[in-house]
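Written out below as structure tokens is the structure these notes cover.
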Amino acid sequence: MARDFTKVGVIGLGTMGAGIVEVFARNGIDVVAVEVDDDAVERGREHLTNSTGRAVARGKLSEEDQATLVSRVQFTSEMAALKDCQLVIEAVPEKLELKKEIFAKLDAIVAEDAILATNTSSLPVTEIAVATSNPKRVVGMHFFNPAPVMQFVEVIKTVVTADDIFERVKGLAERLGKRPVVVGDKAGFIANALLFGYLNHAVSMYESKYATREDIDAAMKLGCGYPMGPLALMDLIGLDTAYEILDTMYKQGRDRLHAPSPIIKQMVSAGLRGRKTGRGFYTYA
Ligand code: CAA
């Protein structure tokens, strides 16, 4: 049923995009990985080399397999290189206008039967779809951070997504070793709709000096068995990304629990964006 995807594209090589590139390459799929300029392309390449290098260091991947994996990825700053891809997934920052612009461009580059997917966490997939001439082939494919590790993908179906399109994307997610769920185009889909009120609440507690960051995180990690505490998770997600998600969900009519705690914006402005900048709620080496 699911057509065999042999070549896919990824636009945007930040934390999520670079992780998604790794997921495809690890599963034997050729990837065209696109960033906006040469410096950003290099950062994307480094992300893949470092991430797979850690797997080599841990004895989970041989050097030969690492080299094969990396060779499957063509890094470029030219969107035109995506023309032969059977699916392109966009993972640029959570800015609706930027995503719409990219989808309008992509529409003219890829073949008529190619699938266009967005990894958006909270923006309306329908709005992105209607920026193209054929919204039926547009779908959400939402991975979780770290993409190579988390085994879940939300496939977002808009009112116009063709049935065969989301079925094929679901099949692809399964082939990548993920458990897919199909969900409608609602702010935050399933996981983020549940997660972000909790994360924001934890930040508010920290901001009001209710408890220390270590104690807040220990409560949820050691007391409730979560793999990591909420402030450490904010650092993993990235405070800029978390801010955009909360702000979008709040503006889309969620309750005040989703109004971003002021300290998030302040930390983003100060460059404290979490692990990716070396400092967020915690400091990283
Ligand atoms: N990239 C690739 N692999 C990674 C990785 C990364 N960034 N981080 C960890 N890993 C791998 C490690 O290499 C290791 O692999 P092996 O078992 O093969 O050796 C494995 O993951 C476990 O890592 P560690 O032993 O270093 O650490 P850990 O056991 O504490 O796990 C964790 C780290 C997987 C991040 C775990 O703490 C966890 O599951 N945290 C919760 C993550 C989470 O909630 N993600 C969802 C965020 S919300 C989201 O993504 C949605 C959105 O739209 C923003």
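Residues are referred to by chain and number: the chain letter is A, B, ... according to the order shown in the structure tokens, the number counts from 1 in that chain, and ligands are numbered separately from 1 in the order shown.
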Each chain A residue no farther than 9 Å from ligand 1, nearest pair in Å, only C-alpha atoms and all ligand atoms, as CSV:
residue,atom,partner,partner_atom_place_in_ligand_line,distance
A:Thr15,CA,ligand 1,7 (N),8.0
A:Met16,CA,ligand 1,50 (O),8.0
A:Gly19,CA,ligand 1,1 (N),6.5
A:Glu22,CA,ligand 1,2 (C),8.3
A:Leu48,CA,ligand 1,1 (N),8.9
A:Ser51,CA,ligand 1,2 (C),5.6
A:Thr52,CA,ligand 1,2 (C),7.5
A:Arg54,CA,ligand 1,13 (O),6.5
A:Ala55,CA,ligand 1,13 (O),5.7
A:Arg58,CA,ligand 1,19 (O),6.2
A:Gly59,CA,ligand 1,19 (O),8.2
A:Lys60,CA,ligand 1,18 (O),6.0
A:Leu61,CA,ligand 1,18 (O),8.9
A:Asn119,CA,ligand 1,53 (O),8.0
A:Thr120,CA,ligand 1,53 (O),7.1
A:Ser121,CA,ligand 1,53 (O),4.2
A:Ser122,CA,ligand 1,53 (O),7.4
A:His142,CA,ligand 1,53 (O),7.0
A:Phe143,CA,ligand 1,50 (O),6.6
A:Phe144,CA,ligand 1,50 (O),3.5
A:Asn145,CA,ligand 1,50 (O),3.7
A:Pro146,CA,ligand 1,7 (N),4.6
A:Ala147,CA,ligand 1,1 (N),6.8
A:Pro148,CA,ligand 1,2 (C),5.1
A:Val149,CA,ligand 1,21 (O),5.5
A:Met150,CA,ligand 1,45 (N),6.8
A:Gly188,CA,ligand 1,53 (O),7.9
A:Ala191,CA,ligand 1,51 (C),7.2
A:Asn192,CA,ligand 1,51 (C),6.1
A:Leu195,CA,ligand 1,48 (S),7.4
A:Phe196,CA,ligand 1,48 (S),8.4
A:Tyr226,CA,ligand 1,41 (C),7.5
A:Pro227,CA,ligand 1,37 (O),4.7
A:Met228,CA,ligand 1,37 (O),5.1
A:Gly229,CA,ligand 1,41 (C),8.3
A:Pro230,CA,ligand 1,44 (O),8.7
A:Ala232,CA,ligand 1,40 (N),8.8
A:Leu233,CA,ligand 1,44 (O),6.4
A:Met234,CA,ligand 1,47 (C),8.2
A:Leu236,CA,ligand 1,47 (C),7.4
A:Ile237,CA,ligand 1,54 (C),5.3
A:Gly238,CA,ligand 1,54 (C),8.0
A:Thr241,CA,ligand 1,54 (C),6.8
A:Ala242,CA,ligand 1,54 (C),6.6
A:Ile245,CA,ligand 1,53 (O),7.7
Let me see the file: selected residues, N, CA and C atoms, as a compact mmCIF listing (two decimals), in the first residue's frame.
# COMPACT_ATOMS: atom_id res chain seq x y z
N THR A 15 17.31 21.88 15.72
CA THR A 15 17.27 20.68 16.55
C THR A 15 16.36 19.61 15.94
N MET A 16 15.15 19.99 15.56
CA MET A 16 14.19 19.00 15.05
C MET A 16 14.57 18.53 13.64
N GLY A 19 17.51 16.26 13.56
CA GLY A 19 17.13 14.97 14.13
C GLY A 19 16.31 14.14 13.13
N GLU A 22 18.46 12.61 10.54
CA GLU A 22 19.12 11.40 11.07
C GLU A 22 18.17 10.20 11.05
N LEU A 48 24.52 16.32 12.58
CA LEU A 48 24.42 14.90 12.21
C LEU A 48 25.72 14.17 12.55
N SER A 51 25.91 13.83 16.41
CA SER A 51 24.93 12.91 16.97
C SER A 51 25.31 11.45 16.64
N THR A 52 25.67 11.21 15.38
CA THR A 52 26.04 9.83 15.02
C THR A 52 27.41 9.48 15.63
N ARG A 54 28.38 10.36 18.58
CA ARG A 54 28.12 9.91 19.97
C ARG A 54 27.70 8.43 19.96
N ALA A 55 26.92 8.06 18.95
CA ALA A 55 26.49 6.66 18.85
C ALA A 55 27.69 5.75 18.59
N ARG A 58 29.58 5.34 21.81
CA ARG A 58 28.90 4.44 22.76
C ARG A 58 28.86 3.00 22.26
N GLY A 59 29.48 2.77 21.12
CA GLY A 59 29.53 1.40 20.58
C GLY A 59 28.20 0.95 19.99
N LYS A 60 27.31 1.93 19.66
CA LYS A 60 25.99 1.58 19.11
C LYS A 60 25.97 1.61 17.58
N LEU A 61 27.03 2.17 16.99
CA LEU A 61 27.09 2.32 15.53
C LEU A 61 28.55 2.15 15.13
N ASN A 119 6.44 19.88 10.07
CA ASN A 119 6.69 19.36 11.42
C ASN A 119 6.19 20.37 12.46
N THR A 120 5.31 21.27 12.05
CA THR A 120 4.85 22.27 13.03
C THR A 120 4.31 21.61 14.29
N SER A 121 4.54 22.28 15.43
CA SER A 121 4.11 21.76 16.73
C SER A 121 2.75 22.29 17.11
N SER A 122 2.37 23.44 16.56
CA SER A 122 1.14 24.07 17.04
C SER A 122 0.44 24.94 16.02
N HIS A 142 4.51 15.30 12.74
CA HIS A 142 5.10 15.95 13.91
C HIS A 142 5.92 14.95 14.73
N PHE A 143 7.24 15.17 14.71
CA PHE A 143 8.19 14.33 15.46
C PHE A 143 8.41 14.94 16.84
N PHE A 144 9.02 14.15 17.71
CA PHE A 144 9.31 14.60 19.08
C PHE A 144 10.81 14.59 19.33
N ASN A 145 11.23 15.45 20.19
CA ASN A 145 12.64 15.72 20.45
C ASN A 145 13.16 14.86 21.62
N PRO A 146 14.25 14.14 21.46
CA PRO A 146 15.10 13.98 20.27
C PRO A 146 14.47 13.00 19.26
N ALA A 147 14.37 13.48 18.01
CA ALA A 147 13.67 12.69 16.99
C ALA A 147 14.23 11.27 16.81
N PRO A 148 15.56 11.08 16.89
CA PRO A 148 16.05 9.70 16.69
C PRO A 148 15.64 8.76 17.83
N VAL A 149 15.22 9.32 18.95
CA VAL A 149 14.93 8.49 20.13
C VAL A 149 13.42 8.31 20.36
N MET A 150 12.66 9.37 20.25
CA MET A 150 11.24 9.31 20.63
C MET A 150 10.46 8.53 19.57
N GLY A 188 -1.80 22.28 19.03
CA GLY A 188 -1.01 21.42 19.91
C GLY A 188 -1.26 19.93 19.70
N ALA A 191 -0.12 15.59 22.01
CA ALA A 191 0.91 15.64 23.05
C ALA A 191 1.17 17.06 23.55
N ASN A 192 1.36 18.00 22.63
CA ASN A 192 1.66 19.36 23.09
C ASN A 192 0.47 20.00 23.79
N LEU A 195 1.02 18.70 27.16
CA LEU A 195 2.33 18.96 27.78
C LEU A 195 2.59 20.42 28.16
N PHE A 196 2.19 21.35 27.27
CA PHE A 196 2.71 22.71 27.43
C PHE A 196 2.10 23.50 28.59
N TYR A 226 8.82 10.78 35.55
CA TYR A 226 9.03 11.33 34.21
C TYR A 226 10.51 11.17 33.86
N PRO A 227 10.83 10.99 32.56
CA PRO A 227 12.26 10.81 32.23
C PRO A 227 13.11 12.02 32.54
N MET A 228 12.54 13.21 32.50
CA MET A 228 13.27 14.40 32.92
C MET A 228 12.29 15.41 33.50
N GLY A 229 12.83 16.33 34.31
CA GLY A 229 11.97 17.34 34.93
C GLY A 229 11.54 18.38 33.90
N PRO A 230 10.51 19.19 34.21
CA PRO A 230 9.97 20.13 33.23
C PRO A 230 10.94 21.23 32.81
N ALA A 232 14.31 21.02 32.78
CA ALA A 232 15.31 20.37 31.92
C ALA A 232 14.69 20.09 30.54
N LEU A 233 13.41 19.75 30.53
CA LEU A 233 12.75 19.49 29.25
C LEU A 233 12.58 20.78 28.44
N MET A 234 12.28 21.88 29.12
CA MET A 234 12.21 23.19 28.43
C MET A 234 13.56 23.46 27.75
N LEU A 236 15.70 21.28 26.71
CA LEU A 236 15.86 20.35 25.58
C LEU A 236 15.05 20.83 24.38
N ILE A 237 13.82 21.23 24.62
CA ILE A 237 12.93 21.69 23.53
C ILE A 237 13.48 22.98 22.93
N GLY A 238 14.04 23.84 23.79
CA GLY A 238 14.50 25.16 23.36
C GLY A 238 13.47 26.19 23.81
N THR A 241 11.50 27.91 20.97
CA THR A 241 10.45 27.05 20.40
C THR A 241 9.28 26.94 21.38
N ALA A 242 9.60 26.73 22.65
CA ALA A 242 8.54 26.59 23.66
C ALA A 242 7.70 27.86 23.72
N ILE A 245 5.34 28.00 20.76
CA ILE A 245 4.24 27.03 20.89
C ILE A 245 3.19 27.55 21.88
inquiry  = as a list in words, please: the residues near stretch 77-87 of chain A (cut-off 8 Å, only C-alpha atoms, same-chain neighbours under 6 positions excluded).
reply    =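 Contacts, in chain order: Phe5, Thr6, Lys7, Val8, Gly9, Val32, Val34, Glu35, Val36, Asp37, Asp38, Val41, Leu106, Ile109, Val110, Ala111, Asp113, Ala114, Ile115, Leu116 and Ala117 of chain A.
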Next, dump the selected residues to file, keeping only C-alpha atoms, as a short mmCIF file (atom, residue, chain, number, x, y, z; two decimals), in the first residue's frame.
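Printed below is part.cif as written:
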data_model
loop_
_atom_site.label_atom_id
_atom_site.label_comp_id
_atom_site.auth_asym_id
_atom_site.auth_seq_id
_atom_site.Cartn_x
_atom_site.Cartn_y
_atom_site.Cartn_z
CA PHE A 5 9.90 6.41 -0.14
CA THR A 6 13.50 6.32 -1.35
CA LYS A 7 14.33 10.02 -1.34
CA VAL A 8 12.93 12.67 0.95
CA GLY A 9 13.73 16.30 1.71
CA VAL A 32 18.20 16.23 0.70
CA VAL A 34 18.20 22.19 3.04
CA GLU A 35 19.13 25.26 5.08
CA VAL A 36 19.00 28.93 4.31
CA ASP A 37 22.74 29.60 3.80
CA ASP A 38 26.13 27.88 3.87
CA VAL A 41 24.06 24.06 6.20
CA LEU A 106 7.98 24.02 -2.65
CA ILE A 109 9.62 22.70 -7.18
CA VAL A 110 8.50 19.14 -6.40
CA ALA A 111 6.64 16.68 -8.65
CA ASP A 113 2.56 13.52 -6.71
CA ALA A 114 5.10 14.48 -4.01
CA ILE A 115 3.83 14.87 -0.45
CA LEU A 116 4.44 18.09 1.47
CA ALA A 117 4.63 17.75 5.24
#
message = Would you pick out the contacts of A:Phe152 at 6 Å or less, using only C-alpha atoms, so that residues sharing its chain but fewer than 2 positions from it are not included, and give the list as a list in words?
response = Met150, Lys178, Arg179 and Pro180 of chain A
message = as a VMD selection string, please: the residues near A:Pro260 (cut-off 7 Å, only C-alpha atoms, same-chain neighbours under 6 positions excluded).
response = chain A and resid 200 243 246 to 247
Can those selected residues be exported to a file as a CSV table (one decimal), in the first residue's frame so that it contains C-alpha atoms?
chain,number,residue,atom,x,y,z
A,200,ASN,CA,4.4,26.6,31.6
A,243,TYR,CA,7.6,30.3,23.7
A,246,LEU,CA,2.7,28.5,24.0
A,247,ASP,CA,2.0,31.8,22.4
Could you tell me, as a PDB file with C-alpha atoms, in the first residue's frame, which residues of stretch 9-223 of chain A DSSP assigns to strand (DSSP E or B) when given the backbone?
ATOM      1  CA  GLY A   9      13.731  16.304   1.711  1.00  0.00           C
ATOM      2  CA  VAL A  10      14.029  18.158   4.993  1.00  0.00           C
ATOM      3  CA  ILE A  11      13.947  21.974   5.130  1.00  0.00           C
ATOM      4  CA  ASP A  30      18.297   9.257   0.909  1.00  0.00           C
ATOM      5  CA  VAL A  31      17.826  12.785   2.219  1.00  0.00           C
ATOM      6  CA  VAL A  32      18.201  16.227   0.698  1.00  0.00           C
ATOM      7  CA  ALA A  33      18.796  18.506   3.690  1.00  0.00           C
ATOM      8  CA  VAL A  34      18.197  22.195   3.044  1.00  0.00           C
ATOM      9  CA  VAL A  73      22.473  13.009   3.069  1.00  0.00           C
ATOM     10  CA  GLN A  74      22.965  15.739   0.506  1.00  0.00           C
ATOM     11  CA  PHE A  75      23.369  19.060   2.349  1.00  0.00           C
ATOM     12  CA  THR A  76      22.529  22.152   0.339  1.00  0.00           C
ATOM     13  CA  LEU A  87       8.159  13.744   0.353  1.00  0.00           C
ATOM     14  CA  VAL A  88       9.497  16.994   1.796  1.00  0.00           C
ATOM     15  CA  ILE A  89       9.154  17.809   5.462  1.00  0.00           C
ATOM     16  CA  GLU A  90       9.540  21.372   6.640  1.00  0.00           C
ATOM     17  CA  ILE A 115       3.826  14.868  -0.449  1.00  0.00           C
ATOM     18  CA  LEU A 116       4.436  18.086   1.468  1.00  0.00           C
ATOM     19  CA  ALA A 117       4.632  17.749   5.238  1.00  0.00           C
ATOM     20  CA  THR A 118       5.151  20.212   8.059  1.00  0.00           C
ATOM     21  CA  VAL A 138      -0.262  18.599   2.525  1.00  0.00           C
ATOM     22  CA  VAL A 139      -0.114  16.895   5.894  1.00  0.00           C
ATOM     23  CA  GLY A 140       1.436  17.431   9.325  1.00  0.00           C
ATOM     24  CA  MET A 141       4.170  15.004  10.374  1.00  0.00           C
ATOM     25  CA  HIS A 142       5.104  15.947  13.913  1.00  0.00           C
ATOM     26  CA  PHE A 152       5.941   8.697  18.389  1.00  0.00           C
ATOM     27  CA  VAL A 153       4.760  10.725  15.405  1.00  0.00           C
ATOM     28  CA  GLU A 154       1.535  12.697  15.056  1.00  0.00           C
ATOM     29  CA  VAL A 155       0.160  12.685  11.513  1.00  0.00           C
ATOM     30  CA  ILE A 156      -2.087  15.709  11.130  1.00  0.00           C
ATOM     31  CA  LYS A 157      -4.945  15.459   8.713  1.00  0.00           C
ATOM     32  CA  ARG A 179       4.085   4.693  16.466  1.00  0.00           C
ATOM     33  CA  PRO A 180       1.946   7.053  14.365  1.00  0.00           C
ATOM     34  CA  VAL A 181      -1.393   8.509  15.386  1.00  0.00           C
ATOM     35  CA  VAL A 182      -3.677  10.419  13.071  1.00  0.00           C
ATOM     36  CA  VAL A 183      -5.085  13.569  14.620  1.00  0.00           C
ATOM     37  CA  GLY A 184      -7.118  16.533  13.397  1.00  0.00           C
TER      38      GLY A 184
END
